[in-house]
Structure formats: structure tokens, C-alpha cells
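Here is the file work-v2.csv (CSV, C-alpha atoms).
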```
chain,number,residue,atom,x,y,z
A,1332,MET,CA,2.3,-100.5,-0.3
A,1333,LYS,CA,3.2,-96.9,-0.5
A,1334,PHE,CA,0.7,-94.2,0.3
A,1335,ARG,CA,1.0,-90.8,-1.4
A,1336,LYS,CA,1.3,-88.1,1.2
A,1337,GLN,CA,-1.4,-85.5,0.4
A,1338,ARG,CA,-0.5,-81.8,0.7
A,1339,LYS,CA,-2.7,-79.7,2.8
A,1340,GLY,CA,-4.9,-77.7,0.5
A,1341,SER,CA,-4.8,-73.9,0.7
A,1342,ALA,CA,-8.0,-72.5,2.1
A,1343,ALA,CA,-9.7,-69.8,0.0
A,1344,VAL,CA,-9.2,-66.4,1.6
A,1345,THR,CA,-11.5,-63.5,0.9
A,1346,THR,CA,-10.2,-60.1,1.7
A,1347,GLN,CA,-11.8,-56.7,1.4
A,1348,LEU,CA,-10.0,-53.5,2.3
A,1349,ARG,CA,-12.0,-50.3,2.4
A,1350,GLU,CA,-10.7,-47.1,3.8
A,1351,THR,CA,-13.1,-45.2,6.0
A,1352,ARG,CA,-12.4,-41.9,4.3
A,1353,THR,CA,-14.4,-38.8,5.2
A,1354,HIS,CA,-13.9,-35.2,4.4
A,1355,PRO,CA,-11.2,-33.6,6.6
A,1356,TYR,CA,-13.6,-31.1,8.2
A,1357,GLN,CA,-15.3,-33.3,10.8
A,1358,GLN,CA,-16.7,-30.3,12.7
A,1359,ALA,CA,-19.5,-30.1,10.1
A,1360,LEU,CA,-20.5,-33.7,10.7
A,1361,ARG,CA,-20.9,-33.4,14.5
A,1362,PHE,CA,-22.3,-29.9,14.7
A,1363,VAL,CA,-25.4,-29.5,16.8
A,1364,PRO,CA,-26.8,-26.0,17.2
A,1365,LEU,CA,-26.7,-25.1,20.9
A,1366,GLY,CA,-27.6,-21.5,20.8
A,1367,THR,CA,-24.1,-20.1,20.8
A,1368,PRO,CA,-21.9,-19.8,17.7
A,1369,GLU,CA,-19.5,-22.6,17.1
A,1370,LEU,CA,-16.4,-20.6,16.2
A,1371,ARG,CA,-14.2,-23.4,15.2
A,1372,LEU,CA,-16.9,-24.8,13.0
A,1373,TYR,CA,-17.3,-21.5,11.1
A,1374,GLN,CA,-13.6,-21.3,10.6
A,1375,ALA,CA,-13.5,-24.9,9.3
A,1376,MET,CA,-16.3,-24.1,6.9
A,1377,ARG,CA,-14.4,-21.1,5.5
A,1378,GLU,CA,-11.3,-23.3,5.0
A,1379,ALA,CA,-13.3,-26.1,3.4
A,1380,LEU,CA,-15.5,-24.1,1.0
A,1381,PRO,CA,-13.7,-21.4,-0.9
A,1382,VAL,CA,-17.0,-19.9,-2.0
A,1383,LEU,CA,-17.8,-18.9,1.6
A,1384,ASP,CA,-14.4,-17.5,2.2
A,1385,ALA,CA,-14.6,-15.5,-1.1
A,1386,ALA,CA,-18.1,-14.2,-0.1
A,1387,ILE,CA,-16.9,-12.8,3.2
A,1388,VAL,CA,-13.8,-11.3,1.7
A,1389,LYS,CA,-15.8,-9.6,-1.1
A,1390,LEU,CA,-18.3,-8.2,1.4
A,1391,VAL,CA,-15.5,-6.7,3.4
A,1392,ARG,CA,-13.9,-5.2,0.2
A,1393,LEU,CA,-17.2,-3.8,-1.1
A,1394,THR,CA,-18.0,-2.1,2.2
A,1395,GLY,CA,-15.4,0.5,1.2
A,1396,GLY,CA,-13.7,3.3,3.0
A,1397,PHE,CA,-14.8,6.4,4.8
A,1398,GLN,CA,-13.7,9.9,5.9
A,1399,ALA,CA,-14.3,11.6,9.2
A,1400,THR,CA,-15.6,15.2,9.3
A,1401,CYS,CA,-15.6,17.7,12.2
A,1402,PRO,CA,-16.8,21.2,12.7
A,1403,ASP,CA,-13.2,22.2,13.4
A,1404,LYS,CA,-11.3,21.8,10.1
A,1405,LEU,CA,-7.9,21.6,11.8
A,1406,ALA,CA,-9.2,18.8,14.0
A,1407,GLU,CA,-10.6,17.1,11.0
A,1408,LYS,CA,-7.3,17.1,9.1
A,1409,ARG,CA,-5.4,15.8,12.2
A,1410,LEU,CA,-8.0,13.2,12.8
A,1411,ASN,CA,-7.9,11.8,9.3
A,1412,ASP,CA,-4.1,11.8,9.4
A,1413,PHE,CA,-4.3,9.8,12.6
A,1414,LEU,CA,-6.8,7.4,11.1
A,1415,ALA,CA,-4.5,6.9,8.0
A,1416,THR,CA,-1.4,6.1,10.1
A,1417,VAL,CA,-2.7,4.5,13.3
A,1418,PRO,CA,-1.1,1.1,14.2
A,1419,CYS,CA,-3.6,-1.7,14.3
A,1420,GLY,CA,-1.5,-4.7,15.3
A,1421,ARG,CA,-0.2,-7.6,13.2
A,1422,CYS,CA,2.0,-5.2,11.3
A,1423,GLN,CA,-1.0,-3.4,9.9
A,1424,VAL,CA,-1.3,0.4,9.6
A,1425,GLY,CA,-4.3,2.5,9.0
A,1426,ILE,CA,-7.8,2.3,10.4
A,1427,GLN,CA,-9.0,0.6,7.2
A,1428,SER,CA,-7.1,-2.5,8.1
A,1429,PHE,CA,-8.8,-2.5,11.5
A,1430,VAL,CA,-12.2,-2.1,9.8
A,1431,ASP,CA,-11.5,-5.0,7.4
A,1432,ALA,CA,-10.4,-7.4,10.2
A,1433,TYR,CA,-13.2,-6.2,12.5
A,1434,LEU,CA,-15.9,-6.8,9.8
A,1435,ASP,CA,-14.4,-10.1,8.8
A,1436,SER,CA,-14.8,-11.3,12.4
A,1437,LEU,CA,-18.3,-9.9,12.6
A,1438,LEU,CA,-19.5,-11.8,9.5
A,1439,THR,CA,-17.7,-15.0,10.4
A,1440,TYR,CA,-18.5,-15.3,14.1
A,1441,GLY,CA,-21.4,-12.9,14.6
A,1442,ARG,CA,-19.3,-10.6,16.9
A,1443,ALA,CA,-16.1,-8.6,16.9
A,1444,VAL,CA,-13.9,-7.2,19.7
A,1445,GLY,CA,-11.3,-4.5,19.6
A,1446,GLU,CA,-9.3,-2.3,21.9
A,1447,MET,CA,-8.1,1.3,21.9
A,1448,VAL,CA,-4.5,1.5,23.3
A,1449,VAL,CA,-3.9,4.7,25.3
A,1450,ALA,CA,-0.4,5.7,26.4
A,1451,ASP,CA,0.8,9.0,27.9
A,1452,GLY,CA,-2.7,10.5,27.6
A,1453,ARG,CA,-2.9,9.9,23.8
A,1454,LEU,CA,-4.6,7.3,21.6
A,1455,ARG,CA,-1.7,5.3,20.2
A,1456,ALA,CA,-3.2,2.3,18.5
A,1457,VAL,CA,-6.5,0.5,17.7
A,1458,CYS,CA,-6.3,-3.3,17.7
A,1459,TRP,CA,-8.7,-6.1,17.1
A,1460,GLY,CA,-8.9,-9.2,19.4
A,1461,ASP,CA,-9.8,-12.9,19.5
A,1462,VAL,CA,-13.6,-13.2,20.0
A,1463,SER,CA,-13.2,-16.8,21.2
A,1464,ALA,CA,-11.5,-15.6,24.4
A,1465,VAL,CA,-14.1,-13.0,25.3
A,1466,GLN,CA,-17.3,-13.6,27.2
A,1467,ILE,CA,-20.2,-11.3,28.1
A,1468,ARG,CA,-21.5,-10.8,31.6
A,1469,GLU,CA,-24.9,-9.0,31.6
A,1470,GLY,CA,-25.8,-6.6,34.4
A,1471,ASP,CA,-29.1,-5.6,35.9
A,1472,SER,CA,-29.9,-3.5,32.9
A,1473,PRO,CA,-29.9,-4.8,29.3
A,1474,LEU,CA,-27.6,-1.9,28.5
A,1475,ASP,CA,-25.1,-2.9,31.1
A,1476,ILE,CA,-22.6,-5.5,29.8
A,1477,THR,CA,-19.1,-6.4,30.9
A,1478,LEU,CA,-16.5,-8.1,28.7
A,1479,CYS,CA,-14.7,-10.8,30.6
A,1480,VAL,CA,-12.1,-13.5,30.0
A,1481,GLN,CA,-11.2,-16.8,31.7
A,1482,ASP,CA,-8.1,-16.8,33.8
A,1483,GLU,CA,-5.7,-19.7,34.4
A,1484,ALA,CA,-7.8,-21.0,37.3
A,1485,GLY,CA,-11.0,-21.1,35.2
A,1486,GLN,CA,-12.5,-18.0,36.9
A,1487,ILE,CA,-14.4,-15.5,34.8
A,1488,ILE,CA,-12.9,-12.1,35.4
A,1489,PRO,CA,-13.8,-8.7,33.9
A,1490,LEU,CA,-11.3,-7.0,31.6
A,1491,PRO,CA,-9.8,-3.7,32.9
A,1492,CYS,CA,-10.5,-0.4,31.2
A,1493,GLN,CA,-13.9,-1.3,29.8
A,1494,GLU,CA,-14.3,2.2,28.3
A,1495,LEU,CA,-11.4,1.4,25.9
A,1496,LEU,CA,-12.9,-1.9,24.6
A,1497,LEU,CA,-14.9,-2.1,21.4
A,1498,PHE,CA,-17.5,-4.8,21.0
A,1499,THR,CA,-20.1,-5.2,18.2
A,1500,THR,CA,-22.6,-8.0,17.5
A,1501,LEU,CA,-24.3,-8.9,14.2
A,1502,ASN,CA,-28.1,-9.3,14.4
A,1503,PRO,CA,-28.2,-10.2,18.1
A,1504,GLU,CA,-31.2,-12.3,19.4
A,1505,PRO,CA,-33.0,-11.8,22.7
A,1506,ALA,CA,-31.5,-15.1,24.1
A,1507,ASN,CA,-28.2,-14.7,22.4
A,1508,PRO,CA,-26.2,-11.6,23.3
A,1509,TYR,CA,-23.2,-12.8,21.2
A,1510,GLY,CA,-24.7,-12.1,17.8
A,1511,VAL,CA,-25.5,-14.3,14.8
A,1512,SER,CA,-22.9,-15.4,12.2
A,1513,MET,CA,-23.7,-15.1,8.5
A,1514,LEU,CA,-22.7,-18.8,8.4
A,1515,ARG,CA,-25.2,-20.0,11.0
A,1516,SER,CA,-27.7,-21.6,8.6
A,1517,MET,CA,-25.1,-23.3,6.4
A,1518,PRO,CA,-23.6,-26.2,8.4
A,1519,PHE,CA,-26.1,-28.8,7.2
A,1520,LEU,CA,-25.7,-27.8,3.5
A,1521,ALA,CA,-22.0,-27.5,3.9
A,1522,ASN,CA,-21.9,-31.0,5.3
A,1523,VAL,CA,-23.8,-32.4,2.3
A,1524,LEU,CA,-21.6,-30.5,-0.2
A,1525,LEU,CA,-18.4,-31.8,1.4
A,1526,LYS,CA,-19.7,-35.3,1.2
A,1527,ILE,CA,-20.3,-34.9,-2.5
A,1528,PHE,CA,-16.9,-33.4,-3.1
A,1529,GLN,CA,-15.3,-36.2,-1.1
A,1530,THR,CA,-17.2,-38.8,-3.1
A,1531,VAL,CA,-16.1,-37.3,-6.3
A,1532,GLY,CA,-12.5,-37.4,-5.2
A,1533,SER,CA,-12.9,-41.1,-4.2
A,1534,ASN,CA,-14.4,-41.9,-7.6
A,1535,TRP,CA,-11.5,-40.3,-9.3
A,1536,ASP,CA,-9.1,-42.3,-7.1
A,1537,ARG,CA,-10.9,-45.4,-8.2
A,1538,ALA,CA,-10.9,-44.4,-11.9
A,1539,GLY,CA,-7.4,-43.0,-11.9
A,1540,ASN,CA,-5.8,-46.0,-10.1
A,1541,ILE,CA,-7.4,-48.9,-11.8
A,1542,ARG,CA,-7.6,-52.3,-10.0
A,1543,TYR,CA,-7.9,-55.4,-12.1
A,1544,SER,CA,-9.6,-58.8,-11.6
A,1545,VAL,CA,-7.7,-61.6,-13.3
A,1546,VAL,CA,-9.8,-64.8,-13.6
A,1547,CYS,CA,-8.3,-68.1,-15.1
A,1548,LYS,CA,-10.7,-70.8,-16.1
A,1549,PRO,CA,-9.1,-74.3,-16.7
A,1550,GLY,CA,-9.6,-76.0,-20.0
A,1551,ALA,CA,-11.4,-79.2,-20.7
A,1552,GLU,CA,-8.6,-81.3,-19.1
A,1553,GLY,CA,-9.2,-79.5,-15.8
A,1554,ILE,CA,-6.6,-78.5,-13.2
A,1555,ASP,CA,-5.1,-80.3,-10.3
A,1556,SER,CA,-6.7,-79.0,-7.1
A,1557,TYR,CA,-3.4,-79.2,-5.4
A,1558,SER,CA,-1.6,-76.9,-7.9
A,1559,ALA,CA,-4.4,-74.3,-8.2
A,1560,ALA,CA,-3.0,-72.2,-5.4
A,1561,ASP,CA,0.5,-72.3,-6.8
A,1562,ARG,CA,-0.8,-71.3,-10.3
A,1563,ALA,CA,-2.8,-68.5,-8.8
A,1564,GLU,CA,0.2,-67.2,-6.9
A,1565,GLN,CA,2.4,-67.4,-10.0
A,1566,MET,CA,-0.2,-65.5,-12.0
A,1567,ALA,CA,-0.5,-62.8,-9.3
A,1568,GLN,CA,3.3,-62.3,-9.2
A,1569,GLN,CA,3.6,-62.1,-13.0
A,1570,TRP,CA,0.7,-59.7,-13.2
A,1571,SER,CA,2.1,-57.5,-10.5
A,1572,GLN,CA,5.5,-57.5,-12.3
A,1573,ALA,CA,3.8,-56.5,-15.6
A,1574,MET,CA,2.0,-53.5,-13.9
A,1575,GLU,CA,5.3,-52.3,-12.3
A,1576,ASP,CA,7.1,-52.5,-15.6
A,1577,THR,CA,4.3,-50.5,-17.3
A,1578,GLN,CA,4.9,-47.6,-14.8
A,1579,SER,CA,8.6,-47.5,-15.8
A,1580,GLY,CA,7.8,-47.4,-19.5
A,1581,THR,CA,8.5,-51.0,-20.3
A,1582,VAL,CA,5.8,-53.0,-22.2
A,1583,ARG,CA,5.4,-56.5,-20.8
A,1584,ASP,CA,2.8,-58.9,-22.2
A,1585,PHE,CA,0.9,-61.2,-19.8
A,1586,VAL,CA,0.8,-64.8,-20.9
A,1587,ALA,CA,-1.1,-67.5,-19.1
A,1588,VAL,CA,-2.5,-71.0,-19.8
A,1589,GLY,CA,-6.2,-71.4,-19.9
A,1590,ASP,CA,-9.2,-69.2,-20.4
A,1591,VAL,CA,-8.0,-65.9,-18.8
A,1592,SER,CA,-10.2,-62.9,-18.5
A,1593,ILE,CA,-9.2,-59.5,-17.1
A,1594,HIS,CA,-11.6,-56.9,-16.0
A,1595,ALA,CA,-11.3,-53.5,-14.4
A,1596,ILE,CA,-12.9,-53.5,-10.9
A,1597,GLY,CA,-15.6,-50.9,-10.7
A,1598,ALA,CA,-15.4,-49.9,-14.4
A,1599,ASP,CA,-19.1,-50.6,-15.0
A,1600,ALA,CA,-20.3,-48.9,-11.9
A,1601,PRO,CA,-22.3,-45.7,-12.7
A,1602,VAL,CA,-21.0,-42.4,-11.3
A,1603,LEU,CA,-23.7,-40.1,-10.0
A,1604,ASP,CA,-24.1,-36.8,-11.6
A,1605,SER,CA,-23.1,-34.1,-9.1
A,1606,GLU,CA,-23.7,-31.0,-11.2
A,1607,ILE,CA,-27.4,-30.5,-10.3
A,1608,PRO,CA,-27.2,-31.2,-6.5
A,1609,VAL,CA,-24.1,-29.1,-6.2
A,1610,ARG,CA,-25.7,-26.2,-7.9
A,1611,GLN,CA,-28.8,-26.5,-5.8
A,1612,ILE,CA,-26.8,-26.4,-2.6
A,1613,MET,CA,-24.6,-23.6,-3.9
A,1614,GLU,CA,-27.7,-21.5,-4.7
A,1615,GLN,CA,-28.8,-21.8,-1.1
A,1616,LEU,CA,-25.4,-20.8,0.2
A,1617,VAL,CA,-24.9,-17.9,-2.1
A,1618,SER,CA,-28.4,-16.6,-1.4
A,1619,ARG,CA,-27.4,-16.2,2.3
A,1620,THR,CA,-24.4,-14.0,1.4
A,1621,GLY,CA,-26.5,-11.5,-0.6
A,1622,LEU,CA,-24.0,-11.4,-3.4
A,1623,PRO,CA,-24.8,-12.1,-7.1
A,1624,PRO,CA,-23.4,-15.5,-8.1
A,1625,PHE,CA,-21.1,-14.2,-10.8
A,1626,LEU,CA,-19.2,-12.1,-8.3
A,1627,LEU,CA,-18.2,-15.4,-6.7
A,1628,GLY,CA,-17.1,-17.0,-10.0
A,1629,LEU,CA,-20.3,-18.9,-10.6
A,1630,SER,CA,-21.5,-18.5,-14.2
A,1631,TRP,CA,-24.9,-20.2,-14.2
A,1632,ALA,CA,-26.1,-18.2,-17.2
A,1633,SER,CA,-24.6,-17.2,-20.5
A,1634,THR,CA,-25.5,-13.6,-20.1
A,1635,GLU,CA,-24.8,-13.2,-16.4
A,1636,ARG,CA,-24.8,-9.6,-15.3
A,1637,MET,CA,-25.9,-7.5,-12.3
A,1638,SER,CA,-29.4,-6.1,-12.8
A,1639,SER,CA,-30.5,-2.9,-11.2
A,1640,GLN,CA,-32.6,-4.9,-8.7
A,1641,GLN,CA,-29.5,-6.9,-7.6
A,1642,ALA,CA,-27.5,-3.8,-7.4
A,1643,ASP,CA,-30.1,-2.2,-5.1
A,1644,MET,CA,-30.2,-5.2,-2.9
A,1645,LEU,CA,-26.5,-5.4,-2.6
A,1646,THR,CA,-26.3,-1.7,-1.9
A,1647,SER,CA,-28.8,-2.1,0.9
A,1648,GLU,CA,-26.8,-5.0,2.4
A,1649,LEU,CA,-23.6,-3.0,2.3
A,1650,TRP,CA,-25.2,0.0,3.9
A,1651,ALA,CA,-26.6,-2.3,6.7
A,1652,LEU,CA,-23.0,-3.4,7.4
A,1653,ARG,CA,-21.9,0.2,7.4
A,1654,ARG,CA,-24.5,1.2,9.9
A,1655,THR,CA,-23.3,-1.6,12.2
A,1656,LEU,CA,-19.7,-0.4,11.9
A,1657,THR,CA,-20.4,3.4,12.2
A,1658,PRO,CA,-20.8,3.5,16.1
A,1659,VAL,CA,-17.5,1.8,16.6
A,1660,LEU,CA,-15.7,4.3,14.3
A,1661,GLU,CA,-17.4,7.3,15.9
A,1662,ARG,CA,-16.3,6.1,19.3
A,1663,ILE,CA,-12.7,5.8,18.1
A,1664,CYS,CA,-12.9,9.3,16.7
A,1665,ALA,CA,-14.6,10.7,19.8
A,1666,THR,CA,-11.8,9.2,22.0
A,1667,TRP,CA,-9.1,10.7,19.9
A,1668,LEU,CA,-10.8,14.2,19.9
A,1669,ALA,CA,-11.3,14.1,23.7
A,1670,LEU,CA,-7.7,13.1,24.4
A,1671,GLU,CA,-6.4,15.8,22.0
A,1672,GLY,CA,-8.4,18.5,23.7
A,1673,TYR,CA,-11.0,19.1,20.9
A,1674,GLU,CA,-14.6,19.6,21.5
A,1675,GLY,CA,-17.5,18.4,19.4
A,1676,ARG,CA,-18.0,15.0,17.7
A,1677,ALA,CA,-16.9,13.5,14.4
A,1678,GLU,CA,-19.2,12.3,11.7
A,1679,ILE,CA,-18.4,9.3,9.5
A,1680,LEU,CA,-19.0,9.8,5.8
A,1681,TRP,CA,-18.7,6.6,3.8
A,1682,ASP,CA,-17.5,6.5,0.2
A,1683,ASP,CA,-19.8,5.8,-2.6
A,1684,ILE,CA,-20.2,2.1,-3.1
A,1685,SER,CA,-19.7,2.0,-6.9
A,1686,LEU,CA,-19.8,4.0,-10.1
A,1687,GLN,CA,-23.0,2.4,-11.0
A,1688,ASP,CA,-24.7,4.0,-8.0
A,1689,LEU,CA,-23.4,7.5,-9.1
A,1690,VAL,CA,-24.8,6.9,-12.6
A,1691,GLU,CA,-28.2,5.9,-11.4
A,1692,GLU,CA,-28.3,8.8,-9.0
A,1693,ALA,CA,-27.3,11.3,-11.7
A,1694,ARG,CA,-29.9,9.8,-14.1
A,1695,ALA,CA,-32.6,10.1,-11.4
A,1696,ALA,CA,-31.6,13.7,-10.6
A,1697,TYR,CA,-31.8,14.4,-14.4
A,1698,TYR,CA,-35.3,13.0,-14.7
A,1699,ASN,CA,-36.5,14.9,-11.6
A,1700,ALA,CA,-35.1,18.1,-13.1
A,1701,GLN,CA,-36.9,17.4,-16.4
A,1702,LYS,CA,-40.1,16.8,-14.5
A,1703,LYS,CA,-39.8,20.0,-12.5
A,1704,GLY,CA,-39.0,21.9,-15.7
A,1705,GLY,CA,-42.1,20.5,-17.4
A,1706,GLU,CA,-44.3,21.4,-14.5
A,1707,THR,CA,-42.9,25.0,-14.5
A,1708,VAL,CA,-43.7,25.4,-18.2
```

What is this structure when it is put down as C-alpha cells?
Amino acid sequence: MKFRKQRKGSAAVTTQLRETRTHPYQQALRFVPLGTPELRLYQAMREALPVLDAAIVKLVRLTGGFQATCPDKLAEKRLNDFLATVPCGRCQVGIQSFVDAYLDSLLTYGRAVGEMVVADGRLRAVCWGDVSAVQIREGDSPLDITLCVQDEAGQIIPLPCQELLLFTTLNPEPANPYGVSMLRSMPFLANVLLKIFQTVGSNWDRAGNIRYSVVCKPGAEGIDSYSAADRAEQMAQQWSQAMEDTQSGTVRDFVAVGDVSIHAIGADAPVLDSEIPVRQIMEQLVSRTGLPPFLLGLSWASTERMSSQQADMLTSELWALRRTLTPVLERICATWLALEGYEGRAEILWDDISLQDLVEEARAAYYNAQKKGGETV
């Protein structure tokens, strides 16, 4: 009597592959405020969210230029010529390039550092520096601070020629002498926004690269349990070949025996609407910058325009930044005048912010003149 040798049945294998994708800016996930600015985090936020980078760049551009005035007109002319041609490092020329980089660092990190380069008894250059390498050592008096760096041995040593160093903080706090970045209150919202963007990208990966589920149900005659694995493997190979031929432009029909059903995996899953939450988060971020939304390319209304109230608020923000920069510029001018042998001090006169301000000022002066003329009559 012969016994039929049974083949070992193939065990059913369930496999699920899921990539643990997260957005590439992990600093926003692990950020814990510790009282001092996280410089790398703020830089990563600017790289991850273009709206924040655009806001800082526009604030720098809107701050505008300036002129220096002196009682001595010859000194004034020479001083302005020097400011227009002074080297500022990184192949930049002109004090305006220094002001732009200095203000950019001030808004991003909450502090900015620079240096006046003196050679042969004359002021030769004005450069900005890396704020992450500078630390503050406070003295006995709140007015006494020393800028220091860390040497190769890890020791904190003061920088030489402190009188030639420039240092400015933005909205410093009593317990934080390093200033406050404009981005300080944004890491949590930036983290949520990046999660939404990453999820949208993952959903498009799923929708753009469709995965199929092929299910074959045997007919009434059934199917041999020993050949089920072989038939499934054959169907998988043929289906894979059909998909590969489709990519090359060849149409291949898929033919199978039995009740075969093909479904797109995840096609019925609803995709969450991201428009409302993204706008709510963007409104919070934009409100911190002080800029009208349409200046950042956000058209949330069909008739978006800058109202007079928004113009006044933006003007006040820009003048606040100018007041922060003025002492540094006056110190640069005073150093140049002293080294060139001129007496007196220079005054910084900022350019008008926009034509709209000139129109409003002219209209207000016209109304005041009318009012005075009416009172005289």
C-alpha cells in the first residue's frame, strides 16, 4: 500500500511595513524652553517655514536706510562717504549691508554682535559676528558687561578690545541678558504646522503611488489547499509584471481564474481638511511678526489691502527697530569721527518709511493749516 507524501503547507504570513517618517526639523519636536534662546532651533524654524523667513527679511528691508549728519559739513560728507564704502565682511560693502545682517541676527536670535576693525589709527571695517560663540559676563554693576568666548580648553575668556565690540539685545528680560528672539513663542505652533505639512505629504505619497489589494475567491468547486500558495504566488508575479509594463507604456490585462476583486488600499480613507487649522496657526505666527498677511503672500480676503491702522502699527514696529539700531550706528560714527580728529557727534536721520506716510503727513498738515486759517478768520 502506497502512502501519498503530503507537502508541508505554507504558513500564512502577515507583514506590515510602515516607515516612521517625521518632518526633517526634529529640533521643533524636542524643544524645551530653558530661559536662553535655542539658536539652532530658530535657524531650523526659518528653514522649515518660509513664512517666518520672509517675515524677517521683509522687516529688515522695510527698516530702510539712513544718513548721518554732523555740525561740520566737511566731516558729514566724509563720514557718509565712509559709510557708503566701508567693508563689512563676507564680500559686502557699505554700512547698509552691516545693518541688514545685524538686524537679521537681532530678530532671529534676540541678540547681535559686531566689531569695528581699527588699523593704523583709522577705522577700516565694520563686521558682524556669530552670536552663538559669544557669552556675556556680568560685572558688579548692571551696566558692566564683558563679551567672552570659549577657548579650546573650555575656559571662558574675555575678548580683547571691548571698546571696539558692538552688542545689542532685543527686548532683554531681567533674568535673560541675551535678549528675546521674535521666534520665541512660535516653536509649539511651528511643530504642529510641520506635522500637518508632513501628513499632507504622506497622504499624497499614498494617493500618488497606489497600492492594490488582489483577492481571489475560489469557485463552487473549491481549491486545493496544497496549491493555494502556488496560485497566490503566481498571481502576485503576474500582477507585478502588469504594473511594471504599465509604467513603460505597455497595456497588459490581468487574467485570473475565480472570483478576483481588486481594491486600492486606503482609497476609502478620508483625508482631513488642513485649510482651517493651517490658517489658524498661520494667523498666530503672522500676528507675532507685526506684518499684514498680504505682505507675506497670504490672501485671506478678496479685497486685502493695508488699512491706515495697519500702516500706523507697522510704522511703529519699524521705528522701534530703528531705535534699537540707532545707538550702534551712532557709536560707529563717533568712533570714526574721533579717529579722524573731528569733534562733536553725529546724528542718525532715518529715511521715510514709505510714500503713504508722506501722503498722510501732508494731508494732516493741510488740515491743520485749514483749521488755523479758519480760526484766524

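Between CA of Val1545 (chain A) and CA of Ser1571 (chain A) lies a distance of 11.0 Å.
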
Å distance separating CA of Ala1521 (chain A) from CA of Phe1625 (chain A), one decimal place: 19.8 Å

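CA of Pro1624 (chain A) is positioned 18.6 Å from CA of Ser1605 (chain A).
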
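The shortest atom-to-atom distance to Gln1611 (chain A), with all atoms listed in the file taken into account, belongs to A:Leu1520 out of A:Ile1426, A:Ala1432, A:Leu1520, A:Met1376.
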
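Minimum distance to Leu1372 (chain A) across A:Ser1618, A:Arg1515, A:Arg1694, A:Leu1525 (counting only C-alpha atoms) occurs at A:Arg1515.
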
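Across A:Ala1677, A:Ile1684, A:Ile1612, A:Leu1497, the tightest approach to Asp1403 (chain A) is made by A:Ala1677 when counting all atoms listed in the file.
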
Ref. answer, residues at most 12 Å from (-16.4, -6.7, 26.7) with all atoms listed in the file, as a ChimeraX atom specification: /A:1442-1446,1460-1469,1475-1480,1488-1500,1508-1509

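Among the candidate residues A:Arg1377, A:Arg1371, A:Lys1389, A:Lys1526, the one lying nearest to Leu1622 (chain A) is A:Lys1389, with distances computed using only C-alpha atoms.
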
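Considering all atoms listed in the file, the residue among A:Ala1573, A:Cys1664, A:Val1659, A:Leu1652 positioned nearest to Leu1393 (chain A) is A:Leu1652.
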
When you get a chance, write out N, CA, C and O atoms for region 1658-1672 of chain A, as a CSV table (one decimal), in the frame of the given file.
```csv
chain,number,residue,atom,x,y,z
A,1658,PRO,N,-21.0,3.1,14.7
A,1658,PRO,CA,-20.8,3.5,16.1
A,1658,PRO,C,-19.4,3.2,16.6
A,1658,PRO,O,-18.9,4.0,17.4
A,1659,VAL,N,-18.8,2.1,16.1
A,1659,VAL,CA,-17.5,1.8,16.6
A,1659,VAL,C,-16.5,2.9,16.1
A,1659,VAL,O,-15.6,3.4,16.9
A,1660,LEU,N,-16.6,3.3,14.8
A,1660,LEU,CA,-15.7,4.3,14.3
A,1660,LEU,C,-15.9,5.7,14.9
A,1660,LEU,O,-15.0,6.4,15.2
A,1661,GLU,N,-17.2,6.0,15.2
A,1661,GLU,CA,-17.4,7.3,15.9
A,1661,GLU,C,-16.9,7.3,17.3
A,1661,GLU,O,-16.4,8.3,17.8
A,1662,ARG,N,-16.9,6.1,17.9
A,1662,ARG,CA,-16.3,6.1,19.3
A,1662,ARG,C,-14.8,6.2,19.3
A,1662,ARG,O,-14.2,6.9,20.1
A,1663,ILE,N,-14.2,5.7,18.3
A,1663,ILE,CA,-12.7,5.8,18.1
A,1663,ILE,C,-12.4,7.3,17.9
A,1663,ILE,O,-11.5,7.9,18.5
A,1664,CYS,N,-13.1,7.9,17.0
A,1664,CYS,CA,-12.9,9.3,16.7
A,1664,CYS,C,-13.2,10.2,17.9
A,1664,CYS,O,-12.4,11.2,18.2
A,1665,ALA,N,-14.2,9.9,18.6
A,1665,ALA,CA,-14.6,10.7,19.8
A,1665,ALA,C,-13.5,10.6,20.9
A,1665,ALA,O,-13.1,11.6,21.5
A,1666,THR,N,-12.9,9.4,21.0
A,1666,THR,CA,-11.8,9.2,22.0
A,1666,THR,C,-10.6,10.0,21.6
A,1666,THR,O,-10.0,10.6,22.5
A,1667,TRP,N,-10.3,10.0,20.3
A,1667,TRP,CA,-9.1,10.7,19.9
A,1667,TRP,C,-9.3,12.2,20.1
A,1667,TRP,O,-8.4,13.0,20.6
A,1668,LEU,N,-10.5,12.7,19.7
A,1668,LEU,CA,-10.8,14.2,19.9
A,1668,LEU,C,-10.7,14.6,21.4
A,1668,LEU,O,-10.2,15.6,21.7
A,1669,ALA,N,-11.3,13.7,22.2
A,1669,ALA,CA,-11.3,14.1,23.7
A,1669,ALA,C,-9.9,14.1,24.2
A,1669,ALA,O,-9.5,15.0,25.0
A,1670,LEU,N,-9.0,13.1,23.9
A,1670,LEU,CA,-7.7,13.1,24.4
A,1670,LEU,C,-6.8,14.2,23.8
A,1670,LEU,O,-5.8,14.6,24.4
A,1671,GLU,N,-7.1,14.7,22.6
A,1671,GLU,CA,-6.4,15.8,22.0
A,1671,GLU,C,-6.9,17.1,22.4
A,1671,GLU,O,-6.3,18.2,22.0
A,1672,GLY,N,-7.9,17.2,23.2
A,1672,GLY,CA,-8.4,18.5,23.7
A,1672,GLY,C,-9.4,19.2,22.7
A,1672,GLY,O,-9.6,20.4,22.9
```
